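Note: the block below is final_3.pdb and it holds PDB, C-alpha atoms.
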ATOM      1  CA  MET A  18       4.272  -0.894 -24.125
ATOM      2  CA  LYS A  19       1.044   0.943 -23.268
ATOM      3  CA  ASN A  20       1.168   3.474 -20.438
ATOM      4  CA  ARG A  21      -1.057   2.913 -17.437
ATOM      5  CA  SER A  22      -3.771   5.580 -17.446
ATOM      6  CA  VAL A  23      -5.555   7.442 -14.656
ATOM      7  CA  GLU A  24      -8.956   5.928 -13.916
ATOM      8  CA  LEU A  25     -10.146   8.639 -11.537
ATOM      9  CA  VAL A  26      -8.958  11.371  -9.191
ATOM     10  CA  ALA A  27     -10.680  11.628  -5.822
ATOM     11  CA  ASN A  28     -10.358  14.655  -3.565
ATOM     12  CA  ALA A  29     -10.511  14.432   0.210
ATOM     13  CA  GLY A  30     -14.109  15.216   1.076
ATOM     14  CA  ALA A  31     -15.987  14.934   4.348
ATOM     15  CA  ILE A  32     -13.811  14.393   7.403
ATOM     16  CA  HIS A  33     -14.925  12.166  10.272
ATOM     17  CA  SER A  34     -13.416  11.548  13.689
ATOM     18  CA  VAL A  35     -11.790   8.316  14.800
ATOM     19  CA  GLY A  36     -11.681   8.648  18.568
ATOM     20  CA  ASP A  37     -10.814  12.226  19.480
ATOM     21  CA  GLY A  38      -7.291  12.192  18.031
ATOM     22  CA  PHE A  39      -7.736  11.506  14.325
ATOM     23  CA  ARG A  40      -9.682  13.530  11.739
ATOM     24  CA  VAL A  41      -9.732  11.386   8.625
ATOM     25  CA  HIS A  42     -11.114  11.091   5.126
ATOM     26  CA  THR A  43     -11.669   7.496   3.999
ATOM     27  CA  PHE A  44     -10.596   7.228   0.357
ATOM     28  CA  PHE A  45     -11.550   3.570   0.267
ATOM     29  CA  PRO A  46     -13.745   1.715   0.676
ATOM     30  CA  SER A  47     -15.928   4.563  -0.585
ATOM     31  CA  SER A  48     -18.406   5.699  -3.179
ATOM     32  CA  TYR A  49     -15.651   6.345  -5.743
ATOM     33  CA  ARG A  50     -16.102   2.800  -7.162
ATOM     34  CA  LEU A  51     -13.387   1.913  -4.663
ATOM     35  CA  ASP A  52     -14.848  -1.022  -2.774
ATOM     36  CA  MET A  53     -12.836  -3.526  -0.714
ATOM     37  CA  TYR A  54     -11.919  -5.477  -3.854
ATOM     38  CA  ARG A  55     -10.883  -2.653  -6.203
ATOM     39  CA  MET A  56      -7.633  -1.845  -4.375
ATOM     40  CA  SER A  57      -6.916  -5.336  -2.998
ATOM     41  CA  PRO A  58      -4.698  -6.214  -1.163
ATOM     42  CA  PHE A  59      -5.291  -2.748   0.315
ATOM     43  CA  ILE A  60      -8.761  -2.711   1.856
ATOM     44  CA  LEU A  61      -8.919   0.679   3.623
ATOM     45  CA  LEU A  62      -7.147   4.017   3.311
ATOM     46  CA  ASP A  63      -7.768   6.627   5.988
ATOM     47  CA  TYR A  64      -6.007   9.945   5.441
ATOM     48  CA  ASN A  65      -5.656  12.587   8.151
ATOM     49  CA  PRO A  66      -4.932  15.824   6.227
ATOM     50  CA  LYS A  67      -2.701  18.310   7.969
ATOM     51  CA  ILE A  68      -4.503  19.939  10.890
ATOM     52  CA  HIS A  69      -3.309  21.750  13.993
ATOM     53  CA  PHE A  70      -4.042  20.334  17.423
ATOM     54  CA  ALA A  71      -3.986  22.706  20.383
ATOM     55  CA  PRO A  72      -1.959  21.642  23.434
ATOM     56  CA  SER A  73      -3.659  19.096  25.668
ATOM     57  CA  GLN A  74      -2.611  17.585  28.981
ATOM     58  CA  THR A  75      -4.654  14.485  28.150
ATOM     59  CA  PRO A  76      -3.442  12.793  24.952
ATOM     60  CA  ARG A  77      -6.129  12.435  22.317
ATOM     61  CA  GLY A  78      -6.530   9.160  20.505
ATOM     62  CA  VAL A  79      -8.439   5.906  20.150
ATOM     63  CA  GLY A  80      -9.017   3.596  23.108
ATOM     64  CA  VAL A  81      -8.584  -0.164  23.221
ATOM     65  CA  HIS A  82     -10.182  -1.973  20.273
ATOM     66  CA  PRO A  83      -9.677  -5.337  18.496
ATOM     67  CA  HIS A  84      -8.525  -6.342  15.013
ATOM     68  CA  ARG A  85      -8.346  -9.688  13.221
ATOM     69  CA  GLY A  86      -7.548 -10.850   9.693
ATOM     70  CA  PHE A  87      -5.392  -8.043   8.296
ATOM     71  CA  GLU A  88      -2.551  -5.596   8.940
ATOM     72  CA  THR A  89      -2.591  -1.914   9.835
ATOM     73  CA  VAL A  90       0.104   0.360   8.422
ATOM     74  CA  THR A  91       0.441   3.842   9.912
ATOM     75  CA  ILE A  92       2.712   6.441   8.286
ATOM     76  CA  ALA A  93       3.515   9.623  10.205
ATOM     77  CA  TYR A  94       4.041  12.815   8.203
ATOM     78  CA  LYS A  95       3.475  15.344  11.002
ATOM     79  CA  GLY A  96       3.096  14.792  14.740
ATOM     80  CA  LYS A  97       3.769  11.779  16.941
ATOM     81  CA  VAL A  98       1.618   8.767  17.754
ATOM     82  CA  GLN A  99       2.073   6.219  20.523
ATOM     83  CA  HIS A 100       0.797   2.667  20.214
ATOM     84  CA  HIS A 101       0.364  -0.364  22.452
ATOM     85  CA  ASP A 102      -1.095  -3.773  21.664
ATOM     86  CA  SER A 103      -1.904  -6.959  23.547
ATOM     87  CA  SER A 104       0.829  -8.957  21.801
ATOM     88  CA  GLY A 105       3.519  -6.750  23.365
ATOM     89  CA  GLY A 106       4.106  -4.464  20.396
ATOM     90  CA  GLY A 107       4.269  -0.734  20.811
ATOM     91  CA  GLY A 108       6.279   2.439  20.686
ATOM     92  CA  VAL A 109       6.242   5.962  19.302
ATOM     93  CA  ILE A 110       6.092   6.752  15.610
ATOM     94  CA  GLU A 111       7.499  10.138  14.668
ATOM     95  CA  GLU A 112       7.678  12.052  11.390
ATOM     96  CA  GLY A 113       8.852   9.696   8.673
ATOM     97  CA  ASP A 114       8.339   6.550  10.737
ATOM     98  CA  VAL A 115       6.056   3.640   9.840
ATOM     99  CA  GLN A 116       4.211   1.283  12.166
ATOM    100  CA  TRP A 117       3.300  -2.045  10.541
ATOM    101  CA  MET A 118       1.093  -4.124  12.817
ATOM    102  CA  THR A 119      -0.012  -7.605  11.793
ATOM    103  CA  ALA A 120      -3.241  -8.269  13.689
ATOM    104  CA  ALA A 121      -3.711 -11.696  12.034
ATOM    105  CA  SER A 122      -5.359 -14.043  14.608
ATOM    106  CA  GLY A 123      -6.239 -11.093  16.812
ATOM    107  CA  VAL A 124      -4.917  -8.255  18.932
ATOM    108  CA  LEU A 125      -6.222  -5.458  21.062
ATOM    109  CA  HIS A 126      -4.521  -2.113  20.540
ATOM    110  CA  LYS A 127      -4.800   1.580  21.232
ATOM    111  CA  GLU A 128      -3.359   4.612  19.452
ATOM    112  CA  TYR A 129      -2.990   8.105  20.817
ATOM    113  CA  HIS A 130      -0.940  11.287  20.533
ATOM    114  CA  GLU A 131       2.446  10.933  22.182
ATOM    115  CA  GLU A 132       2.292  12.552  25.620
ATOM    116  CA  GLU A 133       4.972  15.250  25.313
ATOM    117  CA  TRP A 134       3.869  16.155  21.786
ATOM    118  CA  SER A 135       0.286  16.409  23.026
ATOM    119  CA  LYS A 136       1.301  18.895  25.718
ATOM    120  CA  LYS A 137       2.866  21.171  23.096
ATOM    121  CA  GLY A 138       0.373  20.579  20.277
ATOM    122  CA  GLY A 139       1.224  21.114  16.625
ATOM    123  CA  ASP A 140       0.533  20.058  13.066
ATOM    124  CA  PHE A 141      -0.687  16.498  12.640
ATOM    125  CA  GLN A 142      -0.823  14.502   9.389
ATOM    126  CA  MET A 143      -1.073  10.720   9.076
ATOM    127  CA  VAL A 144      -2.010   7.871   6.755
ATOM    128  CA  GLN A 145      -3.395   4.525   7.861
ATOM    129  CA  LEU A 146      -3.738   1.612   5.470
ATOM    130  CA  TRP A 147      -5.361  -1.728   6.099
ATOM    131  CA  VAL A 148      -3.648  -4.513   4.165
ATOM    132  CA  ASN A 149      -5.543  -7.759   3.735
ATOM    133  CA  LEU A 150      -3.998 -11.121   4.576
ATOM    134  CA  PRO A 151      -4.414 -14.245   2.441
ATOM    135  CA  ALA A 152      -6.791 -16.787   4.003
ATOM    136  CA  LYS A 153      -3.899 -19.086   4.898
ATOM    137  CA  ASP A 154      -2.292 -16.318   7.002
ATOM    138  CA  LYS A 155      -5.323 -14.736   8.667
ATOM    139  CA  MET A 156      -4.945 -16.812  11.832
ATOM    140  CA  SER A 157      -1.165 -16.589  12.055
ATOM    141  CA  ALA A 158       0.511 -15.065  15.108
ATOM    142  CA  PRO A 159       0.338 -11.274  15.495
ATOM    143  CA  LYS A 160       3.553  -9.318  15.001
ATOM    144  CA  TYR A 161       4.800  -5.755  14.943
ATOM    145  CA  GLN A 162       7.307  -3.973  12.702
ATOM    146  CA  ALA A 163       8.546  -0.583  13.913
ATOM    147  CA  LEU A 164      10.239   1.131  10.958
ATOM    148  CA  LYS A 165      12.169   4.236  11.921
ATOM    149  CA  SER A 166      12.660   6.836   9.194
ATOM    150  CA  ALA A 167      16.454   6.465   9.257
ATOM    151  CA  GLU A 168      16.117   2.691   8.863
ATOM    152  CA  ILE A 169      13.794   2.762   5.853
ATOM    153  CA  ASN A 170      15.805   1.971   2.719
ATOM    154  CA  LYS A 171      16.099   4.934   0.363
ATOM    155  CA  TYR A 172      16.556   5.294  -3.382
ATOM    156  CA  LYS A 173      18.277   8.536  -4.371
ATOM    157  CA  ILE A 174      16.686  10.118  -7.443
ATOM    158  CA  ASP A 175      18.951  13.153  -7.777
ATOM    159  CA  ASP A 176      21.320  15.419  -5.872
ATOM    160  CA  ALA A 177      18.618  18.027  -5.226
ATOM    161  CA  GLY A 178      16.924  16.001  -2.508
ATOM    162  CA  SER A 179      14.444  13.903  -4.485
ATOM    163  CA  GLU A 180      14.314  10.394  -3.040
ATOM    164  CA  ILE A 181      12.106   7.376  -2.454
ATOM    165  CA  GLY A 182      11.604   5.720   0.897
ATOM    166  CA  VAL A 183      10.963   2.083  -0.016
ATOM    167  CA  ILE A 184       8.650   0.988   2.796
ATOM    168  CA  ALA A 185       7.714  -2.305   1.140
ATOM    169  CA  GLY A 186       8.427  -4.053  -2.127
ATOM    170  CA  ASP A 187      11.279  -3.056  -4.421
ATOM    171  CA  PHE A 188      12.367  -0.039  -6.437
ATOM    172  CA  ASN A 189      15.291  -0.381  -8.846
ATOM    173  CA  GLY A 190      16.956  -2.947  -6.636
ATOM    174  CA  VAL A 191      16.320  -1.155  -3.345
ATOM    175  CA  LYS A 192      14.393  -3.552  -1.141
ATOM    176  CA  GLY A 193      11.551  -2.457   1.095
ATOM    177  CA  SER A 194      12.131  -2.451   4.832
ATOM    178  CA  ALA A 195       8.835  -4.171   5.716
ATOM    179  CA  VAL A 196       8.155  -7.887   5.438
ATOM    180  CA  THR A 197       4.814  -8.603   3.743
ATOM    181  CA  PHE A 198       2.577 -11.653   3.268
ATOM    182  CA  SER A 199       1.740 -10.919  -0.375
ATOM    183  CA  PRO A 200       3.417  -8.796  -3.075
ATOM    184  CA  VAL A 201       3.057  -5.174  -1.944
ATOM    185  CA  ASN A 202       4.870  -2.012  -3.042
ATOM    186  CA  LEU A 203       4.641   0.992  -0.753
ATOM    187  CA  LEU A 204       6.781   3.968  -1.753
ATOM    188  CA  ASN A 205       7.071   7.309   0.033
ATOM    189  CA  ILE A 206       8.328   9.657  -2.690
ATOM    190  CA  LYS A 207       9.789  13.147  -2.224
ATOM    191  CA  LEU A 208      10.143  15.106  -5.459
ATOM    192  CA  LYS A 209      11.696  18.514  -5.905
ATOM    193  CA  SER A 210       9.849  20.907  -8.211
ATOM    194  CA  GLY A 211      10.192  19.921 -11.864
ATOM    195  CA  THR A 212      11.436  16.400 -11.172
ATOM    196  CA  GLU A 213       9.860  13.642 -13.256
ATOM    197  CA  LEU A 214       9.851  10.025 -12.116
ATOM    198  CA  PRO A 215       8.956   6.948 -14.181
ATOM    199  CA  LEU A 216       7.188   4.174 -12.274
ATOM    200  CA  SER A 217       6.190   0.698 -13.384
ATOM    201  CA  PHE A 218       4.221  -2.119 -11.761
ATOM    202  CA  PRO A 219       2.684  -5.308 -13.183
ATOM    203  CA  GLU A 220      -0.568  -4.523 -15.008
ATOM    204  CA  LYS A 221      -2.665  -6.675 -12.673
ATOM    205  CA  PHE A 222      -1.337  -4.890  -9.560
ATOM    206  CA  ASN A 223      -3.895  -2.444  -8.168
ATOM    207  CA  THR A 224      -2.149   0.917  -8.000
ATOM    208  CA  ALA A 225      -2.900   4.389  -6.633
ATOM    209  CA  LEU A 226      -1.030   7.468  -5.522
ATOM    210  CA  LEU A 227      -1.901   9.863  -2.710
ATOM    211  CA  VAL A 228      -0.466  13.365  -2.908
ATOM    212  CA  ILE A 229       0.492  14.378   0.622
ATOM    213  CA  GLU A 230       2.120  17.718  -0.238
ATOM    214  CA  GLY A 231       2.442  19.748  -3.419
ATOM    215  CA  GLU A 232       1.004  18.945  -6.822
ATOM    216  CA  VAL A 233       1.927  16.434  -9.510
ATOM    217  CA  LEU A 234       1.165  15.708 -13.145
ATOM    218  CA  VAL A 235       0.562  12.091 -14.074
ATOM    219  CA  ASN A 236       1.620  11.181 -17.620
ATOM    220  CA  GLY A 237       2.059  14.889 -18.338
ATOM    221  CA  THR A 238      -1.644  15.686 -18.391
ATOM    222  CA  GLU A 239      -3.577  14.610 -15.272
ATOM    223  CA  LYS A 240      -3.193  17.131 -12.449
ATOM    224  CA  VAL A 241      -3.377  15.718  -8.913
ATOM    225  CA  LEU A 242      -3.414  18.220  -6.056
ATOM    226  CA  ALA A 243      -2.424  17.787  -2.429
ATOM    227  CA  ASP A 244      -4.872  15.692  -0.364
ATOM    228  CA  SER A 245      -6.073  13.883  -3.498
ATOM    229  CA  LEU A 246      -5.865  10.257  -4.612
ATOM    230  CA  ALA A 247      -5.265   9.135  -8.200
ATOM    231  CA  LEU A 248      -6.476   5.616  -8.970
ATOM    232  CA  MET A 249      -4.553   4.072 -11.857
ATOM    233  CA  ALA A 250      -6.349   1.828 -14.337
ATOM    234  CA  ASN A 251      -5.183  -1.765 -14.823
ATOM    235  CA  ASP A 252      -4.455  -1.110 -18.510
ATOM    236  CA  GLY A 253      -0.679  -0.969 -18.608
ATOM    237  CA  GLU A 254       2.439  -1.002 -16.473
ATOM    238  CA  GLY A 255       4.433   2.227 -16.676
ATOM    239  CA  PHE A 256       3.441   5.813 -15.926
ATOM    240  CA  LYS A 257       5.212   9.031 -14.970
ATOM    241  CA  ILE A 258       4.698  11.559 -12.221
ATOM    242  CA  LYS A 259       6.159  15.061 -12.391
ATOM    243  CA  ALA A 260       6.285  17.476  -9.485
ATOM    244  CA  VAL A 261       4.725  20.853 -10.321
ATOM    245  CA  ASN A 262       6.240  22.071  -7.052
ATOM    246  CA  ASP A 263       8.020  20.343  -4.173
ATOM    247  CA  SER A 264       5.836  17.317  -3.511
ATOM    248  CA  VAL A 265       5.418  14.256  -1.321
ATOM    249  CA  VAL A 266       3.555  11.308  -2.853
ATOM    250  CA  LEU A 267       2.629   7.953  -1.355
ATOM    251  CA  VAL A 268       2.393   5.246  -4.027
ATOM    252  CA  LEU A 269       0.739   1.929  -3.248
ATOM    253  CA  SER A 270       0.640  -1.019  -5.613
ATOM    254  CA  GLY A 271      -0.053  -4.655  -4.868
ATOM    255  CA  GLU A 272      -1.102  -7.978  -6.278
ATOM    256  CA  PRO A 273      -4.816  -8.523  -5.589
ATOM    257  CA  ILE A 274      -5.826 -11.303  -3.229
ATOM    258  CA  ASN A 275      -8.604 -12.995  -5.164
ATOM    259  CA  GLU A 276     -10.523 -14.466  -2.250
ATOM    260  CA  PRO A 277     -13.960 -13.727  -0.761
ATOM    261  CA  LEU A 278     -14.100 -10.893   1.766
ATOM    262  CA  VAL A 279     -16.480 -10.508   4.680
ATOM    263  CA  ALA A 280     -15.903  -7.480   6.891
ATOM    264  CA  HIS A 281     -17.604  -6.251  10.014
ATOM    265  CA  GLY A 282     -16.106  -3.375  11.983
ATOM    266  CA  PRO A 283     -12.582  -4.304  13.068
ATOM    267  CA  PHE A 284     -12.627  -7.814  11.579
ATOM    268  CA  VAL A 285     -11.918  -8.761   7.954
ATOM    269  CA  MET A 286     -12.243 -12.467   7.177
ATOM    270  CA  ASN A 287     -13.363 -14.747   4.328
ATOM    271  CA  THR A 288     -16.726 -16.007   5.608
ATOM    272  CA  LYS A 289     -19.599 -14.836   7.798
ATOM    273  CA  GLN A 290     -18.931 -17.729  10.186
ATOM    274  CA  GLU A 291     -15.350 -16.530  10.673
ATOM    275  CA  ILE A 292     -16.676 -13.065  11.576
ATOM    276  CA  ILE A 293     -19.057 -14.599  14.135
ATOM    277  CA  GLN A 294     -16.147 -16.598  15.537
ATOM    278  CA  ALA A 295     -14.025 -13.430  15.776
ATOM    279  CA  PHE A 296     -16.695 -11.723  17.912
ATOM    280  CA  GLN A 297     -17.010 -14.795  20.108
ATOM    281  CA  ASP A 298     -13.248 -15.029  20.587
ATOM    282  CA  PHE A 299     -13.054 -11.321  21.414
ATOM    283  CA  GLU A 300     -15.866 -11.591  23.964
ATOM    284  CA  ASN A 301     -14.186 -14.646  25.500
ATOM    285  CA  GLY A 302     -10.906 -12.778  26.010
ATOM    286  CA  LYS A 303      -8.902 -14.679  23.382
ATOM    287  CA  PHE A 304      -7.368 -11.445  22.016
ATOM    288  CA  GLY A 305      -5.430 -10.948  25.246
ATOM    289  CA  TYR A 306      -5.648  -8.031  27.653
ATOM    290  CA  LEU A 307      -4.718  -4.371  27.301
ATOM    291  CA  GLU A 308      -5.442  -1.655  29.835
ATOM    292  CA  ASP A 309      -7.382   1.296  28.419
TER
END
So that I can check it, write out the structure of this file as structure tokens.
Amino acid sequence: MKNRSVELVANAGAIHSVGDGFRVHTFFPSSYRLDMYRMSPFILLDYNPKIHFAPSQTPRGVGVHPHRGFETVTIAYKGKVQHHDSSGGGGVIEEGDVQWMTAASGVLHKEYHEEEWSKKGGDFQMVQLWVNLPAKDKMSAPKYQALKSAEINKYKIDDAGSEIGVIAGDFNGVKGSAVTFSPVNLLNIKLKSGTELPLSFPEKFNTALLVIEGEVLVNGTEKVLADSLALMANDGEGFKIKAVNDSVVLVLSGEPINEPLVAHGPFVMNTKQEIIQAFQDFENGKFGYLED
């Protein structure tokens, strides 16, 4: 069976601010041929490379804003983030935790540095994914999945400490902790130096890997450094990653949702009329209330 090859490697380039608490590089959608369809069902990947925040008595973050039509998935690697939304979801995500918020028919939410962490400051490193919803689920009820690190199902690779946190999907019989609306695999992989790991996903699944720490070789030849994204071609199923040194890699693979996409700001729907309706519903207070 033919190995899946590397289509491109993208390095984290220009950083922009989201609110005053997040300094992110948007890997997609972007100019890397990675539009909102190329990585479907994943429609946005914002990566906050490791930076140090000085202590602050006022927590930095993003104020109240709406979402409709998709899910946000936030993975904490360094630092702590607090979240509240108008559907009653909320809490603190710490290192290793995952926050999976289904905006669906519409929520207001806000995200900011956890208060006590903000007072001390420290290293901060996060990933946020937007996962599209099929048309039939876009107006379903909002929900919130708080996945604590200790509760995320793990697959042990070896006795040296290499393991996979199966956030969503399945790996060798270990089921993901998150419930998803379409087939999605989201794996948080820790590899000790020299460890090689075979991976395999259906050929039609759009697949990429983001190196959070360290350096890996894909299929023995393609070097991918920390803070870089490797997009895998849809030309096979299996491929291998080998850690050049101790590494952390986020792998995302999912079945594309082959439906029209219309996006405007915080809304991702299937038609222009649905986007107009989203703005009208937001302005008419149908997303609920959340104090800024």
Residues within 10 Å of (17.2, 0.7, -6.4), file coordinates, counting all atoms listed in the file: what are they? Give the list as a list in words.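 In the file's frame, the residues around the point are Asn170, Lys171, Tyr172, Lys173, Ile174, Ile181, Val183, Asp187, Phe188, Asn189, Gly190, Val191, Lys192 and Gly193 of chain A.
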Show me the residues around (-1.0, 5.1, -5.6) - criterion: an atom at most 8 Å away, only C-alpha atoms counted - as a PyMOL selection string. chain A and resi 224-227+246-249+267-270
Minimum-distance residue to A:Val148, chosen among A:Glu180, A:Asp102, A:Glu88, A:Asp37 (using all atoms listed in the file):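 Smallest distance to A:Val148 is found for A:Glu88.
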Name the residues captured by the PyMOL selection byres ((chain A and resi 194-197) around 10) when it is applied to the shown file; answer as a count of residues only. 30
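When the PyMOL selection byres ((chain A and resi 70-76) around 6) is evaluated against the file, it yields His69, Arg77, His130, Glu132, Ser135, Lys136, Lys137, Gly138 and Gly139 of chain A.
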Ranking A:Ser264, A:Ser166, A:Thr288, A:Ser34 by minimum distance to A:Gly178 and counting all atoms listed in the file, which one comes first?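 Result for the nearest residue to A:Gly178: A:Ser264.
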Could you tell me how far atom CA of A:Asn65 sits from atom CA of A:Met156, in Å to one decimal place?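 Atom-to-atom, atom CA of A:Met156 to atom CA of A:Asn65, that is 29.6 Å.
Atom CA of A:Val109 to atom CA of A:Asp244 spans 24.6 Å [interatomic distance, one decimal].
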Residue with smallest distance to A:Met143 - pool A:Lys207, A:Met56, A:Gly38, A:Glu213, counting all atoms listed in the file: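 Answer, going by the shortest atom-to-atom distance: A:Gly38.
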To one decimal place, how far is atom CA of A:Asn287 from atom CA of A:Asp52 in Å?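 Computing it gives 15.5 Å between the two atoms.
You can rank A:Ala280, A:Val90, A:Leu242, A:Val79 by their closest distance to A:Pro46 using only C-alpha atoms, and at the top of that list sits A:Ala280.
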Find, counting only C-alpha atoms, the residue in A:Val98, A:Phe87, A:Ser179, A:Ser103 that gets nearest to A:Ser157.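 Among the listed residues, A:Phe87 lies closest to A:Ser157.
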Contacts of A:Phe284 within 9 Å, all atoms listed in the file, excl. fewer than 2 positions in-chain, as a PyMOL selection string: chain A and resi 83-87+123+279-282+286+292+295-296
Expected file: the selected residues, C-alpha atoms, as a JSON list (two decimals), in the coordinates of the input:
[["chain", "number", "residue", "atom", "x", "y", "z"],
["A", 83, "PRO", "CA", -9.68, -5.34, 18.50],
["A", 84, "HIS", "CA", -8.52, -6.34, 15.01],
["A", 85, "ARG", "CA", -8.35, -9.69, 13.22],
["A", 86, "GLY", "CA", -7.55, -10.85, 9.69],
["A", 87, "PHE", "CA", -5.39, -8.04, 8.30],
["A", 123, "GLY", "CA", -6.24, -11.09, 16.81],
["A", 279, "VAL", "CA", -16.48, -10.51, 4.68],
["A", 280, "ALA", "CA", -15.90, -7.48, 6.89],
["A", 281, "HIS", "CA", -17.60, -6.25, 10.01],
["A", 282, "GLY", "CA", -16.11, -3.38, 11.98],
["A", 286, "MET", "CA", -12.24, -12.47, 7.18],
["A", 292, "ILE", "CA", -16.68, -13.06, 11.58],
["A", 295, "ALA", "CA", -14.02, -13.43, 15.78],
["A", 296, "PHE", "CA", -16.70, -11.72, 17.91]]
Counting all atoms listed in the file, which of A:Glu300, A:Glu276, A:Glu128, A:Asp114 gets nearest to A:Asn205? A:Asp114
Could you state which residues are captured by the PyMOL selection byres ((chain A and resi 28) around 8) in this file, as a ChimeraX atom specification? /A:26-27,29-30,244-246
